[in-house]
file my_file.cif (mmCIF, C-alpha atoms)
data_final
loop_
_atom_site.label_atom_id
_atom_site.label_comp_id
_atom_site.auth_asym_id
_atom_site.auth_seq_id
_atom_site.Cartn_x
_atom_site.Cartn_y
_atom_site.Cartn_z
CA MET A 1 4.15 3.89 48.46
CA ASN A 2 1.08 3.18 46.31
CA PHE A 3 1.41 -0.56 45.57
CA SER A 4 -1.60 -0.73 43.22
CA GLU A 5 -0.14 1.92 40.87
CA GLU A 6 3.36 0.43 41.07
CA ILE A 7 2.26 -3.10 40.18
CA LYS A 8 0.37 -1.90 37.08
CA THR A 9 3.68 -0.89 35.44
CA CYS A 10 5.40 -4.21 36.23
CA TYR A 11 5.26 -7.29 34.01
CA SER A 12 6.50 -9.84 36.60
CA LEU A 13 6.85 -10.41 40.35
CA THR A 14 10.63 -10.08 39.95
CA GLN A 15 10.25 -6.61 38.47
CA PHE A 16 7.84 -5.71 41.31
CA CYS A 17 10.55 -6.80 43.82
CA ARG A 18 13.07 -4.53 42.11
CA ARG A 19 10.66 -1.57 42.20
CA LEU A 20 10.19 -2.06 45.94
CA GLY A 21 13.93 -2.34 46.51
CA LEU A 22 13.70 -5.97 47.62
CA SER A 23 16.08 -8.74 46.62
CA THR A 24 14.87 -11.02 43.83
CA GLY A 25 15.92 -14.09 45.82
CA GLY A 26 13.99 -16.09 48.45
CA GLY A 27 13.20 -13.54 51.21
CA GLY A 28 12.46 -10.56 48.94
CA PHE A 29 10.27 -12.70 46.72
CA LYS A 30 8.24 -13.90 49.74
CA LYS A 31 7.78 -10.32 50.98
CA ALA A 32 6.55 -9.20 47.54
CA LYS A 33 4.06 -12.10 47.38
CA LYS A 34 2.79 -11.17 50.86
CA ILE A 35 2.31 -7.51 49.78
CA VAL A 36 0.34 -8.70 46.73
CA GLU A 37 -1.87 -10.96 48.87
CA ASP A 38 -2.38 -8.48 51.75
CA ASN A 39 -3.33 -5.62 49.44
CA ASN A 40 -5.31 -7.83 47.03
CA LEU A 41 -3.29 -6.54 44.04
CA ASP A 42 -4.13 -7.60 40.46
CA THR A 43 -1.36 -9.62 38.77
CA SER A 44 -3.38 -10.85 35.77
CA HIS A 45 -1.25 -8.73 33.43
CA PHE A 46 1.96 -10.55 34.44
CA ASN A 47 3.31 -12.52 31.48
CA GLY A 48 5.92 -14.79 33.03
CA GLY A 49 8.67 -12.22 33.24
CA ARG A 50 8.81 -11.23 29.57
CA LYS A 51 8.40 -7.59 28.77
CA ILE A 52 5.77 -7.17 26.06
CA LYS A 53 7.58 -5.45 23.21
CA TYR A 54 4.54 -5.35 20.95
CA PRO A 55 1.24 -4.96 22.80
CA PRO A 56 -1.69 -6.98 21.45
CA ILE A 57 -4.70 -5.25 19.93
CA GLU A 58 -8.03 -6.53 18.67
CA ARG A 59 -8.96 -5.60 15.11
CA ILE A 60 -11.82 -6.22 12.72
CA CYS A 61 -10.94 -7.82 9.39
CA PRO A 62 -11.80 -5.43 6.50
CA VAL A 63 -12.83 -8.39 4.30
CA CYS A 64 -14.94 -10.74 6.46
CA GLU A 65 -15.46 -8.43 9.49
CA ASN A 66 -14.31 -11.12 11.99
CA LYS A 67 -12.47 -9.99 15.11
CA PHE A 68 -8.82 -11.06 15.45
CA GLU A 69 -5.80 -10.21 17.59
CA THR A 70 -2.52 -8.79 16.29
CA LYS A 71 0.55 -7.08 17.74
CA ILE A 72 1.04 -3.35 17.13
CA GLY A 73 4.39 -2.39 15.59
CA SER A 74 5.52 -5.96 15.02
CA LYS A 75 6.87 -7.13 11.65
CA SER A 76 4.06 -9.67 11.68
CA GLU A 77 1.34 -7.11 12.45
CA LYS A 78 -1.76 -8.26 10.59
CA ILE A 79 -4.29 -6.20 8.67
CA THR A 80 -6.54 -9.14 7.80
CA CYS A 81 -7.50 -12.22 9.83
CA SER A 82 -6.30 -14.95 7.43
CA TYR A 83 -4.36 -15.76 4.25
CA SER A 84 -7.63 -16.04 2.38
CA CYS A 85 -8.78 -12.56 3.41
CA SER A 86 -5.29 -11.20 2.76
CA ASN A 87 -5.38 -12.53 -0.80
CA SER A 88 -8.71 -10.83 -1.39
CA PHE A 89 -7.66 -7.56 0.24
CA PHE A 90 -4.23 -7.13 -1.38
CA ARG A 91 -4.84 -8.70 -4.82
CA THR A 92 -5.77 -5.48 -6.62
CA GLY A 93 -6.27 -1.81 -6.02
CA GLU A 94 -4.53 0.64 -3.74
CA ASN A 95 -3.72 -1.99 -1.09
CA ASN A 96 -1.54 -3.92 -3.55
CA GLY A 97 2.15 -3.00 -3.22
CA ASN A 98 2.50 -2.76 -7.01
CA TRP A 99 -0.49 -0.43 -7.42
CA LYS A 100 0.20 2.79 -9.27
CA GLN A 101 -2.50 5.43 -9.35
CA HIS A 102 -1.61 6.72 -12.81
CA SER A 103 0.68 4.57 -14.89
CA TYR A 104 1.64 5.66 -18.37
CA ARG A 105 -0.51 2.84 -19.81
CA SER A 106 -3.64 3.95 -17.98
CA THR A 107 -2.98 7.56 -18.99
CA CYS A 108 -2.52 6.52 -22.62
CA PHE A 109 -5.70 4.47 -22.80
CA LEU A 110 -7.67 7.19 -21.05
CA TYR A 111 -6.97 9.53 -24.00
CA HIS A 112 -6.35 7.10 -26.86
CA LYS A 113 -8.32 4.11 -28.06
CA LYS A 114 -6.70 0.83 -26.98
CA GLU A 115 -5.63 -0.25 -30.45
CA CYS A 116 -2.56 0.09 -32.64
CA ILE A 117 -2.77 3.32 -34.64
CA ILE A 118 -1.21 1.57 -37.66
CA CYS A 119 -2.98 -1.80 -37.99
CA LYS A 120 -5.90 -1.47 -35.48
CA GLU A 121 -4.72 -4.53 -33.46
CA ASN A 122 -6.53 -4.42 -30.10
CA LYS A 123 -5.57 -7.66 -28.33
CA ILE A 124 -1.99 -6.80 -27.40
CA VAL A 125 -1.23 -3.08 -27.36
CA GLU A 126 1.99 -1.48 -26.13
CA VAL A 127 2.58 2.18 -25.38
CA HIS A 128 5.43 4.05 -27.06
CA HIS A 129 6.89 7.30 -25.69
CA LEU A 130 7.28 9.45 -28.78
CA ASP A 131 10.15 11.55 -27.39
CA GLU A 132 11.82 8.40 -25.90
CA ASN A 133 11.56 9.98 -22.41
CA ASN A 134 9.71 7.49 -20.21
CA LYS A 135 9.13 10.19 -17.56
CA ASN A 136 7.08 12.29 -19.98
CA ASN A 137 3.59 10.79 -19.70
CA ASN A 138 1.67 13.55 -21.46
CA PRO A 139 -1.06 12.10 -23.67
CA GLU A 140 0.55 13.71 -26.75
CA ASN A 141 3.74 11.73 -26.03
CA LEU A 142 2.05 8.33 -25.61
CA ILE A 143 1.33 6.32 -28.75
CA PRO A 144 -0.59 3.01 -28.73
CA LEU A 145 1.18 0.48 -30.98
CA CYS A 146 1.02 -3.28 -31.39
CA PRO A 147 4.27 -5.12 -30.53
CA THR A 148 5.19 -5.49 -34.21
CA HIS A 149 4.83 -1.80 -35.05
CA HIS A 150 6.47 -0.78 -31.79
CA GLN A 151 9.44 -2.90 -32.85
CA TYR A 152 9.34 -1.23 -36.29
CA TRP A 153 9.73 2.15 -34.58
CA HIS A 154 12.88 0.99 -32.80
CA SER A 155 14.42 -0.63 -35.89
CA ARG A 156 15.49 0.17 -39.43
CA TYR A 157 11.81 -0.13 -40.51
CA ARG A 158 10.84 3.05 -38.70
CA LYS A 159 10.38 4.93 -41.97
CA GLU A 160 7.48 2.61 -42.87
CA ILE A 161 5.31 3.84 -39.99
CA GLU A 162 6.84 7.22 -39.10
CA ASN A 163 4.49 9.35 -41.24
CA LYS A 164 1.37 7.63 -39.86
CA VAL A 165 2.53 8.14 -36.27
CA TYR A 166 3.25 11.85 -36.75
CA LYS A 167 -0.01 12.33 -38.62
CA TYR A 168 -1.90 10.62 -35.78
CA ILE A 169 -0.28 12.85 -33.16
CA LYS A 170 -0.96 15.99 -35.20
CA GLU A 171 -4.65 15.03 -35.49
CA PHE A 172 -4.77 14.15 -31.79
CA LYS A 173 -3.39 17.57 -30.81
CA ILE A 174 -5.90 19.34 -33.07
CA MET A 175 -8.76 17.28 -31.64
CA THR A 176 -7.78 18.00 -28.01
CA THR A 177 -7.41 21.71 -28.78
CA VAL A 178 -10.89 21.77 -30.32
CA GLN A 179 -12.32 19.96 -27.28
CA GLN A 180 -10.68 22.46 -24.93
CA LEU A 181 -12.11 25.37 -26.91
CA GLN A 182 -15.57 23.81 -26.83
CA GLN A 183 -15.32 23.41 -23.04
CA GLN A 184 -14.33 27.08 -22.68
CA ILE A 185 -17.27 28.17 -24.85
CA ASN A 186 -19.68 26.01 -22.84
CA GLN A 187 -18.37 27.46 -19.57
CA THR A 188 -18.93 31.06 -20.72
CA ASP A 189 -22.54 30.38 -21.79
#

call {"tool": "encode", "arguments": {"input": "my_file.cif", "output": "structure tokens"}}
result
Amino acid sequence: MNFSEEIKTCYSLTQFCRRLGLSTGGGGFKKAKKIVEDNNLDTSHFNGGRKIKYPPIERICPVCENKFETKIGSKSEKITCSYSCSNSFFRTGENNGNWKQHSYRSTCFLYHKKECIICKENKIVEVHHLDENNKNNNPENLIPLCPTHHQYWHSRYRKEIENKVYKYIKEFKIMTTVQQLQQQINQTD
């Protein structure tokens, strides 16, 4: 039997005894210790009899580039070395759990100016889905409105702003069509 290969897969002297078919009591334990000593076997990986469920790994923090140790597969597996670095790393962007690549607001303000189309308010601007379908995030369906005029749309005062909203969308569609035609012309030249 190759003792050096066998001991590498064990995590305690008790487990080594079991692999050799020895008892884990007094006499078997003494024989296993003697085999370890006689063959000069390495037991530095023994961890007091506990099987390592999650092996440790050394990582480099993506924020401060310090080395740190974490456990692979564990619930507490770390990506950063500290709370401070974690706050910096996860605060914004794709690493944040609430990050959405293309939200309806970002789509709206990519195509429309960030101001109410009725009163030109630009401090607080909401986005209204014209067809009331919040899954339809086409730019023609997204209307920037201030909270007051957005509330008008969903109330009995809708008639006061309805014509302006439909006129804005009609002009927006014409403008985007013209831009698309210009792009096609420029590509053929």

call {"tool": "closest_residue", "arguments": {"input": "my_file.cif", "among": "A:Cys146, A:Gly25, A:Tyr83, A:Ser155", "to": "Glu115 of chain A", "atoms": "only C-alpha atoms"}}
result
A:Cys146

call {"tool": "resolve_selection", "arguments": {"input": "my_file.cif", "expression": "the PyMOL selection byres ((chain A and resi 127) around 9)", "output": "PyMOL selection string"}}
result
chain A and resi 104-105+108-109+125-126+128-129+142-146+150

call {"tool": "atom_distance", "arguments": {"input": "my_file.cif", "atom1": "atom CA of Leu22 of chain A", "atom2": "atom CA of Glu6 of chain A"}}
result
13.8 Å

call {"tool": "closest_residue", "arguments": {"input": "my_file.cif", "among": "A:Lys34, A:Asn40, A:Ile117, A:Met1", "to": "Asn163 of chain A", "atoms": "only C-alpha atoms"}}
result
A:Ile117

call {"tool": "resolve_selection", "arguments": {"input": "my_file.cif", "expression": "the PyMOL selection byres ((chain A and resi 138) around 12)", "output": "ChimeraX atom specification"}}
result
/A:102-112,128-131,133-137,139-143,169,173

call {"tool": "atom_distance", "arguments": {"input": "my_file.cif", "atom1": "atom CA of Tyr152 of chain A", "atom2": "atom CA of Val165 of chain A"}}
result
11.6 Å

call {"tool": "atom_distance", "arguments": {"input": "my_file.cif", "atom1": "atom CA of Cys85 of chain A", "atom2": "atom CA of Glu58 of chain A"}}
result
16.4 Å

call {"tool": "closest_residue", "arguments": {"input": "my_file.cif", "among": "A:Thr148, A:Thr24, A:Thr177, A:Asn66", "to": "Cys81 of chain A", "atoms": "all atoms listed in the file"}}
result
A:Asn66

call {"tool": "closest_residue", "arguments": {"input": "my_file.cif", "among": "A:Lys123, A:Ile35, A:Val63, A:Pro55", "to": "Ser86 of chain A", "atoms": "all atoms listed in the file"}}
result
A:Val63

call {"tool": "resolve_selection", "arguments": {"input": "my_file.cif", "expression": "the PyMOL selection byres ((chain A and resi 72-76) around 10)", "output": "JSON, numbers by chain"}}
result
{"A": [53, 54, 55, 56, 57, 58, 69, 70, 71, 77, 78, 79]}

call {"tool": "closest_residue", "arguments": {"input": "my_file.cif", "among": "A:Asp38, A:Glu5, A:Glu65, A:Glu121", "to": "Arg19 of chain A", "atoms": "only C-alpha atoms"}}
result
A:Glu5
